[in-house]
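Chemist: Have a peek at query-v8.csv (CSV, C-alpha atoms and all ligand atoms).
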```
chain,number,residue,atom,x,y,z
X,1,MET,CA,-15.9,6.8,27.5
X,2,LYS,CA,-17.9,5.0,30.2
X,3,LYS,CA,-19.8,3.1,27.5
X,4,ILE,CA,-16.6,1.9,25.8
X,5,ILE,CA,-15.3,0.6,29.1
X,6,LEU,CA,-18.6,-1.2,29.8
X,7,ILE,CA,-18.6,-2.7,26.3
X,8,THR,CA,-15.0,-3.9,26.7
X,9,LEU,CA,-15.8,-5.5,30.1
X,10,TYR,CA,-18.9,-7.1,28.6
X,11,CYS,CA,-16.9,-8.6,25.7
X,12,PHE,CA,-14.2,-9.8,28.1
X,13,ALA,CA,-16.8,-11.5,30.3
X,14,LEU,CA,-18.3,-13.3,27.2
X,15,GLN,CA,-14.8,-14.5,26.3
X,16,LEU,CA,-14.3,-15.8,29.9
X,17,VAL,CA,-17.6,-17.7,29.8
X,18,ALA,CA,-16.7,-19.2,26.4
X,19,GLN,CA,-13.2,-20.3,27.7
X,20,SER,CA,-14.5,-21.7,30.9
X,21,LYS,CA,-16.4,-24.5,29.1
X,22,LYS,CA,-14.2,-27.5,29.3
X,23,ASN,CA,-13.1,-29.3,26.2
X,24,PRO,CA,-14.0,-33.0,26.2
X,25,ALA,CA,-11.1,-33.7,23.8
X,26,GLU,CA,-8.6,-30.9,23.5
X,27,GLY,CA,-7.5,-30.3,20.0
X,28,ILE,CA,-10.4,-32.1,18.4
X,29,PHE,CA,-13.4,-30.1,19.5
X,30,MET,CA,-13.1,-26.4,19.8
X,31,ASP,CA,-14.9,-24.2,22.4
X,32,LYS,CA,-17.4,-22.3,20.3
X,33,VAL,CA,-18.0,-18.6,20.8
X,34,GLU,CA,-21.7,-17.9,20.3
X,35,ARG,CA,-23.2,-14.4,20.5
X,36,THR,CA,-26.4,-12.8,19.4
X,37,ASP,CA,-26.4,-10.2,16.7
X,38,LYS,CA,-26.8,-7.5,19.4
X,39,GLU,CA,-23.8,-8.8,21.2
X,40,TRP,CA,-21.7,-8.9,18.0
X,41,GLN,CA,-22.7,-5.3,17.3
X,42,ALA,CA,-21.5,-4.3,20.7
X,43,CYS,CA,-18.2,-6.0,20.3
X,44,LEU,CA,-17.3,-5.1,16.8
X,45,THR,CA,-16.9,-1.9,14.8
X,46,PRO,CA,-19.6,-1.4,12.1
X,47,ALA,CA,-17.0,-2.2,9.4
X,48,GLU,CA,-15.8,-5.4,11.2
X,49,TYR,CA,-19.5,-6.4,11.7
X,50,GLN,CA,-20.2,-6.0,8.0
X,51,ILE,CA,-17.3,-8.3,7.1
X,52,LEU,CA,-17.4,-10.9,9.9
X,53,ARG,CA,-21.2,-11.2,10.4
X,54,GLU,CA,-22.6,-10.2,7.1
X,55,LYS,CA,-20.0,-11.8,4.8
X,56,GLY,CA,-18.8,-8.5,3.5
X,57,THR,CA,-15.6,-7.8,1.5
X,58,GLU,CA,-13.3,-4.8,2.1
X,59,ARG,CA,-12.1,-2.9,-0.9
X,60,ALA,CA,-9.0,-4.3,-2.5
X,61,PHE,CA,-5.7,-2.7,-1.4
X,62,THR,CA,-7.4,-0.9,1.5
X,63,GLY,CA,-6.8,-3.3,4.3
X,64,LYS,CA,-4.2,-2.7,7.0
X,65,TYR,CA,-2.6,-6.1,6.7
X,66,TYR,CA,-2.3,-6.3,2.9
X,67,ASN,CA,1.3,-5.1,3.0
X,68,HIS,CA,2.0,-6.1,6.6
X,69,LYS,CA,5.2,-8.1,6.9
X,70,GLU,CA,5.8,-8.4,10.7
X,71,VAL,CA,6.5,-11.8,12.2
X,72,GLY,CA,3.7,-13.1,14.3
X,73,THR,CA,0.2,-14.6,14.3
X,74,TYR,CA,-3.0,-13.4,12.8
X,75,VAL,CA,-6.0,-14.0,15.0
X,76,CYS,CA,-9.8,-13.7,14.4
X,77,ALA,CA,-11.0,-10.2,15.0
X,78,GLY,CA,-14.2,-11.7,16.4
X,79,CYS,CA,-12.8,-14.2,19.0
X,80,ASP,CA,-9.0,-14.1,19.0
X,81,ASN,CA,-8.8,-17.7,17.6
X,82,GLU,CA,-5.3,-18.1,16.1
X,83,LEU,CA,-5.8,-18.5,12.4
X,84,PHE,CA,-2.7,-17.8,10.3
X,85,SER,CA,1.1,-17.5,10.7
X,86,SER,CA,3.1,-14.8,9.1
X,87,ASN,CA,5.3,-17.6,7.8
X,88,THR,CA,2.6,-18.6,5.3
X,89,LYS,CA,1.7,-15.0,4.3
X,90,TYR,CA,2.7,-14.0,0.8
X,91,ASP,CA,2.0,-11.2,-1.7
X,92,SER,CA,-0.7,-12.6,-4.0
X,93,GLY,CA,-1.1,-9.2,-5.8
X,94,SER,CA,-4.9,-9.5,-5.2
X,95,GLY,CA,-5.2,-6.6,-2.8
X,96,TRP,CA,-6.0,-8.7,0.2
X,97,PRO,CA,-3.8,-10.5,2.8
X,98,ALA,CA,-3.1,-13.9,1.4
X,99,PHE,CA,-1.8,-17.1,3.2
X,100,TYR,CA,-1.0,-20.4,1.6
X,101,ASP,CA,-2.1,-22.3,4.7
X,102,ALA,CA,-4.0,-22.0,7.9
X,103,LEU,CA,-2.2,-22.4,11.2
X,104,ASP,CA,-4.1,-25.7,11.7
X,105,LYS,CA,-6.9,-27.2,9.7
X,106,SER,CA,-9.1,-27.2,12.8
X,107,LYS,CA,-8.9,-23.4,13.0
X,108,VAL,CA,-11.0,-22.6,10.0
X,109,ASN,CA,-14.0,-24.1,8.2
X,110,THR,CA,-14.9,-24.0,4.5
X,111,LYS,CA,-18.1,-24.2,2.6
X,112,MET,CA,-19.3,-23.5,-1.0
X,113,ASP,CA,-20.4,-20.0,-1.7
X,114,TYR,CA,-22.5,-19.3,-4.8
X,115,SER,CA,-23.3,-15.6,-4.0
X,116,PHE,CA,-22.9,-12.9,-6.6
X,117,GLY,CA,-23.0,-15.4,-9.5
X,118,MET,CA,-19.6,-16.9,-8.6
X,119,LYS,CA,-18.6,-20.3,-7.3
X,120,ARG,CA,-16.2,-19.7,-4.4
X,121,ILE,CA,-15.2,-21.5,-1.2
X,122,GLU,CA,-15.9,-19.4,1.9
X,123,VAL,CA,-13.6,-19.5,4.9
X,124,THR,CA,-15.0,-19.0,8.3
X,125,CYS,CA,-13.5,-19.0,11.8
X,126,ALA,CA,-14.1,-22.5,13.4
X,127,LYS,CA,-14.5,-21.0,16.8
X,128,CYS,CA,-17.0,-18.2,16.2
X,129,ASP,CA,-18.3,-18.9,12.7
X,130,SER,CA,-17.4,-15.4,11.5
X,131,HIS,CA,-16.8,-14.9,7.8
X,132,LEU,CA,-13.1,-14.4,7.1
X,133,GLY,CA,-12.8,-14.5,3.3
X,134,HIS,CA,-12.4,-17.2,0.6
X,135,VAL,CA,-9.9,-19.8,-0.4
X,136,PHE,CA,-8.8,-20.4,-4.0
X,137,GLU,CA,-6.7,-23.1,-5.6
X,138,ASP,CA,-4.2,-20.7,-7.3
X,139,GLY,CA,-1.7,-20.4,-4.4
X,140,PRO,CA,2.0,-21.2,-4.2
X,141,ARG,CA,3.5,-24.4,-3.1
X,142,PRO,CA,3.4,-26.5,-1.0
X,143,THR,CA,-0.4,-26.3,-0.6
X,144,GLY,CA,-1.4,-24.6,-3.9
X,145,LEU,CA,-4.0,-22.7,-1.8
X,146,ARG,CA,-4.6,-19.0,-1.5
X,147,TYR,CA,-6.5,-18.0,1.6
X,148,CYS,CA,-7.7,-14.6,0.6
X,149,ILE,CA,-8.7,-12.9,3.9
X,150,ASN,CA,-10.1,-9.5,4.8
X,151,SER,CA,-7.8,-7.4,7.0
X,152,LEU,CA,-10.9,-6.4,9.0
X,153,ALA,CA,-11.4,-10.0,9.9
X,154,LEU,CA,-8.0,-10.2,11.5
X,155,ASP,CA,-6.0,-8.9,14.4
X,156,PHE,CA,-2.2,-9.3,14.6
X,157,VAL,CA,-0.1,-10.5,17.5
X,158,ALA,CA,3.6,-9.8,17.0
X,159,LYS,CA,5.9,-12.7,17.9
X,160,ASP,CA,7.7,-10.9,20.7
X,161,LYS,CA,4.5,-9.8,22.3
X,162,LYS,CA,3.1,-13.4,22.7
X,201,FE,FE,-13.5,-16.2,15.4
```
Can you turn what I pasted into structure tokens?
Modeler:
Amino acid sequence: MKKIILITLYCFALQLVAQSKKNPAEGIFMDKVERTDKEWQACLTPAEYQILREKGTERAFTGKYYNHKEVGTYVCAGCDNELFSSNTKYDSGSGWPAFYDALDKSKVNTKMDYSFGMKRIEVTCAKCDSHLGHVFEDGPRPTGLRYCINSLALDFVAKDKK
């Protein structure tokens, strides 16, 4: 129990240090959250670590947000960066939470991913560089995009709790 409290305090302190760095141009550059592997292991559960820091993928239809329909904001499980709105969430039938857009283009980064013999576009958190999932071009209008995101990479903040 004592260990959990200490780890929580440690992660909270890391967050404060990250937030205290002033933005030279708010909205253009984002304060980065940088942690060592050891620090990430202390902050995340083993399952979260495997997805966020080792580019893992949870099994389809197993994630807690796949069928989640509450109104609110999905944030990064690694750094609380606001990533997706429930307004853009839709049922893709794929087995993972799907969004047709990010909250803001500056919130996520994308890059080509050729792992496992596939050609995909990886989506990462722009703030802490954690792996979130992939984006595909088979989504609904208006963007035509499908951000296919692991539930374990997300936390949810309900609208009335903000
Ligand atoms: Fe993050």
Chemist: Using all atoms listed in the file, I'd like a table of the residues in chain X that come within 10 Å of ligand FE 201 (chain X); for each, show the closest atom pair and its distance in Å rounded to one decimal, ordered by chain and ascending number, as CSV.
Modeler:
```
residue,atom,partner,partner_atom,distance
X:Lys32,CA,X:FE201,FE,8.7
X:Val33,CA,X:FE201,FE,7.4
X:Glu34,CA,X:FE201,FE,9.7
X:Leu52,CA,X:FE201,FE,8.6
X:Val75,CA,X:FE201,FE,7.8
X:Cys76,CA,X:FE201,FE,4.6
X:Ala77,CA,X:FE201,FE,6.5
X:Gly78,CA,X:FE201,FE,4.7
X:Cys79,CA,X:FE201,FE,4.2
X:Asp80,CA,X:FE201,FE,6.1
X:Asn81,CA,X:FE201,FE,5.4
X:Glu82,CA,X:FE201,FE,8.4
X:Leu83,CA,X:FE201,FE,8.6
X:Lys107,CA,X:FE201,FE,8.9
X:Val108,CA,X:FE201,FE,8.7
X:Thr124,CA,X:FE201,FE,7.8
X:Cys125,CA,X:FE201,FE,4.6
X:Ala126,CA,X:FE201,FE,6.6
X:Lys127,CA,X:FE201,FE,5.1
X:Cys128,CA,X:FE201,FE,4.1
X:Asp129,CA,X:FE201,FE,6.1
X:Ser130,CA,X:FE201,FE,5.6
X:His131,CA,X:FE201,FE,8.4
X:Leu132,CA,X:FE201,FE,8.5
X:Ala153,CA,X:FE201,FE,8.5
X:Leu154,CA,X:FE201,FE,9.0
```
Chemist: Between CA of Pro140 (chain X) and CA of Lys159 (chain X), what distance in Å does the model show, to one decimal?
Modeler: 24.0 Å
Chemist: Enter the distance from CA of Glu48 (chain X) to CA of Phe61 (chain X), in Å, rounded to one decimal.
Modeler: 16.4 Å
Chemist: Please identify all polymer residues within 8 Å of Val123 (chain X), counting only C-alpha atoms, omitting same-chain residues fewer than 3 positions from it, and present them as a list in words.
Modeler: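 Returned residues: Val108, Asn109, Thr110, Lys111, His131, Leu132, Gly133, His134, Val135 and Tyr147 of chain X.
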Chemist: Got time to write the residues from that selection, C-alpha atoms, as a short mmCIF file (atom, residue, chain, number, x, y, z; two decimals), in the frame of the given file?
Modeler:
```
data_model
loop_
_atom_site.label_atom_id
_atom_site.label_comp_id
_atom_site.auth_asym_id
_atom_site.auth_seq_id
_atom_site.Cartn_x
_atom_site.Cartn_y
_atom_site.Cartn_z
CA VAL X 108 -11.00 -22.60 10.00
CA ASN X 109 -14.00 -24.10 8.20
CA THR X 110 -14.90 -24.00 4.50
CA LYS X 111 -18.10 -24.20 2.60
CA HIS X 131 -16.80 -14.90 7.80
CA LEU X 132 -13.10 -14.40 7.10
CA GLY X 133 -12.80 -14.50 3.30
CA HIS X 134 -12.40 -17.20 0.60
CA VAL X 135 -9.90 -19.80 -0.40
CA TYR X 147 -6.50 -18.00 1.60
#
```
Chemist: Please indicate the distance in Å from CA of Pro97 (chain X) to CA of Pro142 (chain X), rounded to one decimal place.
Modeler: 18.0 Å
Chemist: Pick the closest to Thr57 (chain X) from X:Asn150, X:Tyr100, X:Thr88, X:Phe116: which is it, counting all atoms listed in the file?
Modeler: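 That would be X:Asn150, the residue with the smallest distance to Thr57 (chain X).
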